[in-house]
>>> print(open('data-v2.csv').read())   # CSV, C-alpha atoms
chain,number,residue,atom,x,y,z
A,1,MET,CA,20.2,104.4,316.6
A,2,ILE,CA,16.6,104.5,315.4
A,3,ARG,CA,14.9,101.1,315.3
A,4,LEU,CA,12.3,101.1,312.5
A,5,SER,CA,8.8,99.9,313.2
A,6,PRO,CA,7.8,97.6,310.3
A,7,GLU,CA,4.1,98.3,310.9
A,8,PHE,CA,4.6,102.1,310.6
A,9,VAL,CA,6.9,101.7,307.6
A,10,ARG,CA,4.5,99.5,305.7
A,11,GLY,CA,1.7,101.8,306.5
A,12,GLN,CA,3.4,104.4,304.4
A,13,PHE,CA,3.0,102.3,301.3
A,14,PRO,CA,-0.4,101.8,299.7
A,15,ALA,CA,0.8,98.6,297.9
A,16,PHE,CA,0.8,96.7,301.2
A,17,SER,CA,-3.0,97.3,301.7
A,18,GLU,CA,-3.8,96.6,298.0
A,19,PRO,CA,-5.9,93.4,297.8
A,20,SER,CA,-4.3,92.2,294.5
A,21,LEU,CA,-0.9,92.3,296.2
A,22,ARG,CA,-1.9,90.9,299.6
A,23,ASP,CA,-0.6,87.4,299.0
A,24,TRP,CA,2.7,88.4,297.4
A,25,ALA,CA,6.1,89.0,298.8
A,26,HIS,CA,8.1,91.6,296.8
A,27,PHE,CA,11.7,90.4,296.2
A,28,GLU,CA,12.5,92.3,293.0
A,29,ASN,CA,12.9,95.7,294.6
A,30,ALA,CA,16.2,96.2,292.7
A,31,GLY,CA,14.0,96.5,289.6
A,32,GLY,CA,11.8,99.1,291.3
A,33,SER,CA,10.4,99.8,294.8
A,34,PHE,CA,6.8,100.4,295.8
A,35,ALA,CA,5.9,104.1,295.8
A,36,CYS,CA,5.3,105.7,299.2
A,37,ARG,CA,2.0,107.4,299.8
A,38,TYR,CA,3.5,110.9,299.9
A,39,VAL,CA,4.7,110.6,296.4
A,40,ILE,CA,1.4,109.2,295.2
A,41,TRP,CA,-0.5,112.0,296.9
A,42,ARG,CA,1.7,114.7,295.4
A,43,LEU,CA,1.5,113.2,292.0
A,44,HIS,CA,-2.3,113.0,292.2
A,45,ARG,CA,-2.6,116.5,293.5
A,46,PHE,CA,-0.4,117.9,290.7
A,47,TYR,CA,-2.4,116.2,287.9
A,48,ARG,CA,-5.7,117.3,289.5
A,49,GLU,CA,-4.9,120.9,290.5
A,50,ARG,CA,-1.8,122.2,288.6
A,51,ASN,CA,-1.1,120.2,285.5
A,52,VAL,CA,-0.2,123.3,283.5
A,53,GLN,CA,3.0,124.8,282.1
A,54,PRO,CA,4.9,126.0,285.2
A,55,CYS,CA,6.5,129.4,285.8
A,56,GLY,CA,3.5,131.3,284.3
A,57,ALA,CA,1.7,134.4,285.6
A,58,PHE,CA,-1.4,132.6,287.0
A,59,PRO,CA,-1.8,130.8,290.3
A,60,ALA,CA,-1.9,127.2,289.1
A,61,SER,CA,1.2,127.7,287.1
A,62,GLU,CA,3.0,129.4,290.0
A,63,ARG,CA,2.1,126.5,292.3
A,64,ALA,CA,3.4,124.0,289.8
A,65,ALA,CA,6.8,125.7,289.6
A,66,GLU,CA,6.9,126.0,293.4
A,67,GLU,CA,6.4,122.3,293.8
A,68,MET,CA,9.1,121.4,291.3
A,69,ASP,CA,11.5,123.8,293.0
A,70,GLU,CA,10.6,122.3,296.4
A,71,ALA,CA,11.5,118.8,295.2
A,72,ARG,CA,14.9,120.0,293.9
A,73,ARG,CA,15.6,122.1,297.0
A,74,ARG,CA,14.7,119.4,299.6
A,75,LEU,CA,16.5,116.7,297.7
A,76,ALA,CA,19.6,118.9,297.6
A,77,LEU,CA,19.6,119.3,301.3
A,78,VAL,CA,19.3,115.5,301.8
A,79,LEU,CA,22.1,114.8,299.3
A,80,GLY,CA,24.4,117.4,300.7
A,81,VAL,CA,24.8,119.4,297.5
A,82,GLU,CA,23.8,122.8,296.1
A,83,VAL,CA,20.3,123.1,294.7
A,84,GLU,CA,21.5,124.0,291.2
A,85,GLU,CA,23.6,120.8,291.2
A,86,VAL,CA,20.5,118.6,291.2
A,87,SER,CA,19.0,117.8,287.7
A,88,PHE,CA,16.1,115.6,286.8
A,89,GLY,CA,15.9,113.4,283.7
A,90,PRO,CA,13.6,110.6,282.4
A,91,SER,CA,16.0,107.8,283.5
A,92,THR,CA,19.5,107.2,284.7
A,93,THR,CA,20.4,105.6,281.4
A,94,GLN,CA,19.3,108.6,279.4
A,95,ASN,CA,21.1,111.0,281.8
A,96,ALA,CA,24.3,109.0,281.3
A,97,PHE,CA,24.0,109.2,277.5
A,98,VAL,CA,23.5,112.9,277.7
A,99,LEU,CA,26.6,113.3,279.9
A,100,ALA,CA,28.6,111.1,277.7
A,101,ALA,CA,27.7,113.3,274.7
A,102,ALA,CA,29.1,116.3,276.7
A,103,PHE,CA,32.3,114.5,277.5
A,104,ARG,CA,32.7,113.4,273.9
A,105,ASP,CA,32.8,117.1,272.9
A,106,TRP,CA,35.1,118.1,275.8
A,107,LEU,CA,37.7,115.3,276.0
A,108,ARG,CA,40.6,115.2,273.5
A,109,PRO,CA,41.9,112.2,271.6
A,110,GLY,CA,44.5,110.4,273.7
A,111,GLU,CA,42.8,111.2,277.0
A,112,ALA,CA,41.3,108.2,278.8
A,113,VAL,CA,38.2,107.2,280.6
A,114,VAL,CA,38.0,104.3,283.1
A,115,VAL,CA,34.9,102.0,283.1
A,116,THR,CA,34.3,98.9,285.2
A,117,GLU,CA,33.2,95.3,284.6
A,118,GLN,CA,31.0,95.5,287.6
A,119,ASP,CA,28.6,98.1,286.3
A,120,HIS,CA,25.0,98.1,285.0
A,121,GLU,CA,25.2,99.0,281.3
A,122,ALA,CA,23.8,102.5,282.0
A,123,ASN,CA,27.1,103.5,283.5
A,124,SER,CA,29.2,101.6,281.0
A,125,ALA,CA,27.8,101.6,277.5
A,126,PRO,CA,27.5,105.4,277.1
A,127,TRP,CA,31.1,105.9,278.1
A,128,ARG,CA,32.4,103.0,276.0
A,129,ARG,CA,31.1,104.8,272.9
A,130,LEU,CA,33.6,107.5,273.5
A,131,ALA,CA,36.2,105.3,271.9
A,132,GLN,CA,34.6,106.2,268.6
A,133,ALA,CA,35.9,109.7,269.2
A,134,GLY,CA,39.5,108.6,269.9
A,135,ILE,CA,39.1,108.6,273.6
A,136,GLU,CA,41.0,105.7,275.2
A,137,LEU,CA,38.9,103.3,277.2
A,138,ARG,CA,40.5,101.5,280.2
A,139,GLU,CA,38.6,98.7,282.0
A,140,TRP,CA,38.7,98.3,285.7
A,141,ARG,CA,38.2,94.5,285.9
A,142,ILE,CA,36.6,92.5,288.6
A,143,ASP,CA,37.9,89.4,290.3
A,144,PRO,CA,36.2,86.6,288.4
A,145,GLU,CA,35.6,84.6,291.6
A,146,THR,CA,34.3,87.3,293.9
A,147,GLY,CA,33.3,90.1,291.6
A,148,HIS,CA,35.4,92.5,293.7
A,149,LEU,CA,37.0,95.7,292.3
A,150,ASP,CA,40.5,96.2,293.7
A,151,ASP,CA,41.7,99.7,294.4
A,152,ASP,CA,45.3,98.8,293.4
A,153,ASP,CA,44.1,98.0,289.9
A,154,LEU,CA,42.5,101.4,289.6
A,155,ALA,CA,45.6,103.1,290.8
A,156,GLU,CA,47.6,101.3,288.1
A,157,LEU,CA,45.1,102.4,285.4
A,158,MET,CA,45.5,106.0,286.4
A,159,ASP,CA,49.2,106.1,287.0
A,160,ASP,CA,50.2,107.9,283.7
A,161,GLY,CA,48.0,111.0,284.2
A,162,LYS,CA,45.9,110.5,281.1
A,163,VAL,CA,42.7,109.5,282.8
A,164,ARG,CA,40.1,112.3,283.0
A,165,LEU,CA,37.0,110.4,284.2
A,166,VAL,CA,36.4,107.2,286.3
A,167,CYS,CA,32.9,105.7,286.1
A,168,PHE,CA,32.1,103.1,288.8
A,169,PRO,CA,29.1,101.8,290.8
A,170,HIS,CA,28.5,102.6,294.4
A,171,CYS,CA,26.9,99.1,294.5
A,172,SER,CA,26.5,96.6,291.7
A,173,ASN,CA,23.0,95.5,290.7
A,174,VAL,CA,24.1,91.8,290.4
A,175,VAL,CA,27.4,91.5,292.5
A,176,GLY,CA,25.7,93.3,295.4
A,177,GLU,CA,29.0,94.5,296.9
A,178,ILE,CA,29.0,98.1,298.3
A,179,ASN,CA,32.1,99.9,297.1
A,180,ASP,CA,33.8,102.5,299.2
A,181,ALA,CA,32.7,105.4,297.0
A,182,ARG,CA,34.2,108.0,299.2
A,183,ARG,CA,37.7,106.4,299.1
A,184,ILE,CA,37.5,105.8,295.4
A,185,CYS,CA,36.4,109.4,294.7
A,186,ALA,CA,39.4,110.7,296.7
A,187,MET,CA,41.7,108.4,294.7
A,188,VAL,CA,40.3,109.8,291.5
A,189,ARG,CA,40.6,113.4,292.6
A,190,ARG,CA,44.2,112.9,293.6
A,191,ALA,CA,44.9,111.5,290.1
A,192,GLY,CA,43.5,114.7,288.6
A,193,ALA,CA,40.4,113.1,287.2
A,194,TYR,CA,36.6,113.3,287.8
A,195,SER,CA,34.3,110.6,289.2
A,196,CYS,CA,30.9,109.4,288.0
A,197,VAL,CA,29.2,107.2,290.5
A,198,ASP,CA,26.2,105.0,289.6
A,199,GLY,CA,24.2,105.0,292.8
A,200,VAL,CA,21.0,103.3,291.4
A,201,SER,CA,21.5,100.1,293.4
A,202,TYR,CA,22.8,101.9,296.5
A,203,ALA,CA,20.3,104.8,297.0
A,204,PRO,CA,17.3,102.6,297.8
A,205,HIS,CA,19.0,101.5,301.0
A,206,GLY,CA,19.4,105.1,302.3
A,207,LEU,CA,19.9,108.3,300.2
A,208,PRO,CA,23.6,109.1,300.1
A,209,ASP,CA,25.4,112.2,301.4
A,210,ILE,CA,27.0,113.0,298.1
A,211,GLY,CA,28.7,116.0,299.5
A,212,ARG,CA,30.6,113.8,301.9
A,213,ILE,CA,31.3,111.1,299.3
A,214,GLY,CA,32.9,113.7,297.1
A,215,ALA,CA,31.6,112.5,293.7
A,216,ASP,CA,31.7,114.9,290.8
A,217,ILE,CA,28.7,113.1,289.2
A,218,TYR,CA,26.3,110.9,291.1
A,219,LEU,CA,23.3,109.2,289.4
A,220,PHE,CA,20.3,107.3,290.8
A,221,SER,CA,16.7,106.5,290.0
A,222,THR,CA,13.7,107.7,292.1
A,223,TYR,CA,11.5,104.8,291.0
A,224,LYS,CA,13.8,102.6,293.1
A,225,THR,CA,13.7,105.1,296.0
A,226,TYR,CA,10.0,104.9,296.6
A,227,GLY,CA,9.2,107.6,294.0
A,228,PRO,CA,8.1,108.1,290.4
A,229,HIS,CA,10.1,107.1,287.3
A,230,GLN,CA,12.8,109.8,287.2
A,231,GLY,CA,16.5,109.9,287.1
A,232,ILE,CA,18.4,112.1,289.5
A,233,MET,CA,21.7,113.5,288.2
A,234,VAL,CA,23.9,115.4,290.6
A,235,ILE,CA,26.7,117.3,288.8
A,236,ARG,CA,29.0,119.4,290.8
A,237,ARG,CA,29.2,123.0,289.5
A,238,SER,CA,33.0,122.9,289.2
A,239,LEU,CA,32.6,120.2,286.5
A,240,GLY,CA,29.2,121.0,285.1
A,241,MET,CA,29.9,124.5,283.9
A,242,ARG,CA,33.1,123.3,282.2
A,243,LEU,CA,31.3,120.7,280.1
A,244,PRO,CA,29.6,121.7,276.8
A,245,ASN,CA,26.0,122.7,277.2
A,246,GLN,CA,23.6,119.9,276.0
A,247,ALA,CA,20.4,121.9,276.1
A,248,PHE,CA,19.1,125.0,274.3
A,249,ASP,CA,21.5,127.9,274.2
A,250,PHE,CA,19.2,130.0,276.3
A,251,ASN,CA,19.3,127.4,279.1
A,252,GLY,CA,23.1,127.1,279.1
A,253,ASP,CA,23.7,129.5,282.0
A,254,GLU,CA,21.7,127.4,284.5
A,255,LEU,CA,23.5,124.2,285.7
A,256,TRP,CA,20.3,122.2,286.4
A,257,LYS,CA,19.1,122.8,282.8
A,258,ARG,CA,22.4,122.2,280.9
A,259,PHE,CA,22.1,118.4,280.8
A,260,THR,CA,18.3,118.0,280.4
A,261,PRO,CA,17.7,118.8,276.7
A,262,ALA,CA,14.2,117.4,276.7
A,263,GLY,CA,11.2,118.9,278.5
A,264,PRO,CA,11.0,117.5,282.0
A,265,ASP,CA,8.0,115.6,283.5
A,266,HIS,CA,6.7,118.3,285.7
A,267,ALA,CA,4.4,116.2,287.8
A,268,GLN,CA,6.9,113.5,288.5
A,269,ILE,CA,9.6,116.1,289.5
A,270,ALA,CA,7.1,117.7,291.9
A,271,ALA,CA,6.2,114.3,293.3
A,272,CYS,CA,9.8,113.6,294.2
A,273,ALA,CA,9.4,115.9,297.2
A,274,GLY,CA,7.4,113.0,298.6
A,275,ILE,CA,10.5,111.0,299.0
A,276,VAL,CA,11.8,113.5,301.5
A,277,ASP,CA,8.3,113.6,303.1
A,278,TYR,CA,8.7,109.9,303.7
A,279,ILE,CA,12.1,110.3,305.3
A,280,ASP,CA,10.8,113.0,307.5
A,281,ALA,CA,7.8,110.9,308.5
A,282,LEU,CA,10.0,108.0,309.5
A,283,TYR,CA,12.2,110.3,311.5
A,284,HIS,CA,9.4,112.1,313.4
A,285,HIS,CA,7.5,108.9,314.2
A,286,HIS,CA,10.5,107.2,315.7
A,287,THR,CA,12.3,110.0,317.6
A,288,LYS,CA,11.7,113.4,319.1
A,289,ALA,CA,15.4,114.4,318.7
A,290,GLY,CA,15.8,117.6,316.7
A,291,ARG,CA,17.9,117.5,313.6
A,292,ASP,CA,18.1,119.4,310.3
A,293,VAL,CA,17.0,117.8,307.0
A,294,ALA,CA,20.4,116.3,306.3
A,295,GLY,CA,20.7,114.9,309.8
A,296,ARG,CA,17.3,113.3,309.6
A,297,ALA,CA,18.2,111.7,306.3
A,298,VAL,CA,21.5,110.3,307.7
A,299,ALA,CA,19.7,108.9,310.8
A,300,ILE,CA,17.0,107.2,308.6
A,301,ALA,CA,19.6,105.8,306.2
A,302,GLU,CA,21.4,104.2,309.2
A,303,ALA,CA,18.1,102.8,310.5
A,304,MET,CA,17.3,101.4,307.0
A,305,ARG,CA,20.7,99.8,306.8
A,306,ALA,CA,20.4,98.2,310.3
A,307,ARG,CA,17.0,96.8,309.4
A,308,GLU,CA,18.3,95.3,306.2
A,309,LEU,CA,21.4,93.8,307.8
A,310,ALA,CA,19.1,92.0,310.3
A,311,LEU,CA,16.9,90.7,307.4
A,312,MET,CA,19.9,89.5,305.4
A,313,GLY,CA,21.2,87.2,308.1
A,314,PRO,CA,18.9,84.2,307.6
A,315,LEU,CA,19.0,84.3,303.8
A,316,ILE,CA,22.8,84.4,303.8
A,317,ASP,CA,23.0,81.5,306.3
A,318,TYR,CA,20.6,79.5,304.1
A,319,LEU,CA,22.6,80.2,300.9
A,320,ALA,CA,25.8,79.3,302.6
A,321,GLY,CA,24.3,75.9,303.4
A,322,ARG,CA,23.3,75.5,299.8
A,323,ALA,CA,26.7,76.6,298.3
A,324,ARG,CA,27.2,73.3,296.4
A,325,GLU,CA,24.0,73.8,294.5
A,326,VAL,CA,23.7,77.6,294.3
A,327,ARG,CA,26.4,80.2,293.8
A,328,LEU,CA,25.8,83.6,295.4
A,329,LEU,CA,27.6,86.3,293.4
A,330,GLY,CA,29.5,88.8,295.5
A,331,PRO,CA,30.2,88.9,299.2
A,332,MET,CA,28.8,86.4,301.6
A,333,ARG,CA,29.1,88.8,304.6
A,334,ALA,CA,26.0,91.0,305.0
A,335,ARG,CA,28.1,94.0,306.1
A,336,ASP,CA,29.9,94.1,302.7
A,337,ARG,CA,26.8,94.1,300.5
A,338,ALA,CA,23.3,95.4,299.8
A,339,PRO,CA,20.3,93.1,300.1
A,340,THR,CA,20.5,92.3,296.4
A,341,PHE,CA,21.3,88.7,295.8
A,342,ALA,CA,22.1,87.3,292.3
A,343,LEU,CA,22.1,83.5,292.3
A,344,ASP,CA,23.9,81.4,289.7
A,345,LEU,CA,21.8,78.2,289.6
A,346,GLY,CA,23.9,76.5,286.9
A,347,ARG,CA,20.8,76.4,284.7
A,348,PRO,CA,18.3,79.0,283.3
A,349,ALA,CA,16.9,81.1,286.0
A,350,GLU,CA,13.7,82.2,284.4
A,351,PRO,CA,11.8,78.9,285.0
A,352,VAL,CA,12.7,79.0,288.6
A,353,ALA,CA,11.4,82.6,289.0
A,354,ARG,CA,8.1,81.4,287.5
A,355,ARG,CA,7.9,78.5,290.0
A,356,LEU,CA,8.6,80.9,292.9
A,357,ALA,CA,5.7,83.0,291.7
A,358,GLN,CA,3.5,80.0,292.5
A,359,HIS,CA,4.6,80.4,296.1
A,360,GLY,CA,3.7,84.1,296.1
A,361,ILE,CA,7.3,85.3,295.6
A,362,MET,CA,8.0,88.2,293.2
A,363,ALA,CA,11.5,87.6,292.0
A,364,GLY,CA,13.5,88.5,288.9
A,365,ALA,CA,15.5,86.4,286.4
A,366,GLY,CA,17.8,87.4,283.6
A,367,GLU,CA,20.9,89.5,283.0
A,368,PHE,CA,19.5,92.8,284.4
A,369,TYR,CA,21.4,95.0,282.0
A,370,ALA,CA,24.6,93.6,283.5
A,371,PRO,CA,26.1,91.2,280.9
A,372,ARG,CA,29.7,92.2,281.6
A,373,PRO,CA,29.9,91.3,285.3
A,374,LEU,CA,28.0,88.1,284.7
A,375,ALA,CA,30.2,87.0,281.8
A,376,ALA,CA,33.3,87.9,283.8
A,377,MET,CA,32.1,85.7,286.7
A,378,GLY,CA,31.4,82.8,284.3
A,379,VAL,CA,27.7,82.9,284.1
A,380,PRO,CA,26.8,81.4,280.6
A,381,GLN,CA,25.2,83.8,278.2
A,382,GLY,CA,21.4,83.3,278.1
A,383,GLN,CA,21.3,81.5,281.4
A,384,GLY,CA,20.9,84.5,283.6
A,385,VAL,CA,20.7,84.7,287.4
A,386,LEU,CA,17.9,84.6,289.9
A,387,ARG,CA,17.8,87.9,291.6
A,388,LEU,CA,16.3,88.4,295.1
A,389,SER,CA,16.3,91.9,296.5
A,390,PHE,CA,14.5,93.6,299.4
A,391,LEU,CA,14.3,96.8,301.3
A,392,HIS,CA,13.7,98.0,304.9
A,393,TYR,CA,10.0,97.5,304.4
A,394,THR,CA,10.4,93.7,304.0
A,395,LEU,CA,9.2,91.5,306.9
A,396,GLU,CA,11.0,88.7,308.6
A,397,GLN,CA,8.1,86.3,307.6
A,398,ASP,CA,8.7,87.3,304.0
A,399,VAL,CA,12.3,86.2,304.2
A,400,ASP,CA,11.2,82.9,305.9
A,401,ARG,CA,8.6,82.4,303.1
A,402,LEU,CA,11.3,83.1,300.5
A,403,ILE,CA,13.7,80.5,302.0
A,404,ALA,CA,10.9,77.9,302.1
A,405,ALA,CA,10.1,78.5,298.5
A,406,LEU,CA,13.8,78.3,297.5
A,407,ASP,CA,14.1,75.1,299.4
A,408,ALA,CA,11.2,73.7,297.4
A,409,GLU,CA,12.3,74.9,294.0
A,410,ILE,CA,16.1,74.8,293.8
>>> encode(input="data-v2.csv", output="structure tokens")
Amino acid sequence: MIRLSPEFVRGQFPAFSEPSLRDWAHFENAGGSFACRYVIWRLHRFYRERNVQPCGAFPASERAAEEMDEARRRLALVLGVEVEEVSFGPSTTQNAFVLAAAFRDWLRPGEAVVVTEQDHEANSAPWRRLAQAGIELREWRIDPETGHLDDDDLAELMDDGKVRLVCFPHCSNVVGEINDARRICAMVRRAGAYSCVDGVSYAPHGLPDIGRIGADIYLFSTYKTYGPHQGIMVIRRSLGMRLPNQAFDFNGDELWKRFTPAGPDHAQIAACAGIVDYIDALYHHHTKAGRDVAGRAVAIAEAMRARELALMGPLIDYLAGRAREVRLLGPMRARDRAPTFALDLGRPAEPVARRLAQHGIMAGAGEFYAPRPLAAMGVPQGQGVLRLSFLHYTLEQDVDRLIAALDAEI
């Protein structure tokens, strides 16, 4: 397995050499990662050299279109899907609302959609509104102690054959547990339904092989995967061409245009190719082994996961020792979770986040668009949680610094 060099990794992110950020440790990566230099370079080049309407008959326009096509093509290879199955939108939330509008016109009253208590509202609220059209909503509830989603509960929800869509997170943005998306998607498929997976909190820790997972819809945000503020929406052709077109009639024959009714952000789409540039740079720096694009992405995802597992150990040990004062939502074992830690302090979290900032710690506090899982796990409304999240570019000394700050402030 590739062992990532922290020095090389951090050298790919201009933020780590920015003087105004030098004395800060970034622990709110679940809210947005730093952008890698390849994305920034591509974005700058696009605005400087080819910020014109793409697909025209002059060179700058042709180059603009080529860069946008490159981003879609290379991301499709990494994600294990067809090029036409990759769509861009302004955010995952808006992508989900557009998809829900398509399902609203397609599903019939009496048919059912499953949503979970574990989700961010982006993969919950749009689908819950389908009840206004006579679609039955069924809720896959979490264990109030652990936040866990039990497969047996899902099987029971689907056992009458009325469910047409199951929406669930690959990883919760507050519970932190990594769900077995491949197994769940297979269960959904056997029940004759489609799957919609929210990968926003999973993808930053290694872009997923969606083809292997078997999701019919997979959503994630590139501003959390070292890129610009875009939402990636993978819709498998077998489903996408059955759903009603949500774009202009003349765009209805092209899958990657059917669910993006607004004009796309050309520069940001082009810059997304820089995410794959970054994966390739990590791979080629750390090994001489030859692999295709997909193989390189898998190897780097494994390396990112190994790095994050090592970083999680000291923090989990510390929180286990403070269990009487601090409740960690979700699994205590590193192998079961992403490095996104939501702490129930038993009091408002926002003042604590402000005090951590005095130690140079960037942390988040609030409900993080996840009021349902927090309520289900007994976190009082308005209190919020302290969220600490990191990525493979985090340093061991950053974690040590975080633990010292927590020890002082909680």
>>> closest_residue(input="data-v2.csv", among="A:Leu406, A:Ala294, A:Val9, A:Met304", to="Gly211 (chain A)", atoms="all atoms listed in the file")
A:Ala294
>>> closest_residue(input="data-v2.csv", among="A:Asp119, A:Glu7, A:Glu409, A:Glu28", to="Tyr369 (chain A)", atoms="only C-alpha atoms")
A:Asp119
>>> atom_distance(input="data-v2.csv", atom1="CA of Arg355 (chain A)", atom2="CA of Tyr202 (chain A)")
28.5 Å
>>> atom_distance(input="data-v2.csv", atom1="CA of Val39 (chain A)", atom2="CA of Gly274 (chain A)")
4.2 Å
>>> closest_residue(input="data-v2.csv", among="A:Arg372, A:Gly206, A:His44, A:Asp400", to="Arg141 (chain A)", atoms="all atoms listed in the file")
A:Arg372
>>> residues_around(input="data-v2.csv", residues="Asp344 (chain A)", least_positions_apart="6", cutoff="6 Å", atoms="only C-alpha atoms", output="VMD selection string")
chain A and resid 326 to 327 385
>>> closest_residue(input="data-v2.csv", among="A:Val86, A:Met68, A:Ile232, A:Ala353", to="Gly384 (chain A)", atoms="only C-alpha atoms")
A:Ala353
>>> atom_distance(input="data-v2.csv", atom1="CA of Trp256 (chain A)", atom2="CA of Thr225 (chain A)")
20.7 Å
>>> closest_residue(input="data-v2.csv", among="A:Ala303, A:Leu386, A:Ala338, A:Ala270", to="Pro6 (chain A)", atoms="all atoms listed in the file")
A:Ala303
>>> closest_residue(input="data-v2.csv", among="A:Tyr278, A:Tyr318, A:Tyr223, A:Phe88", to="Ile235 (chain A)", atoms="only C-alpha atoms")
A:Phe88
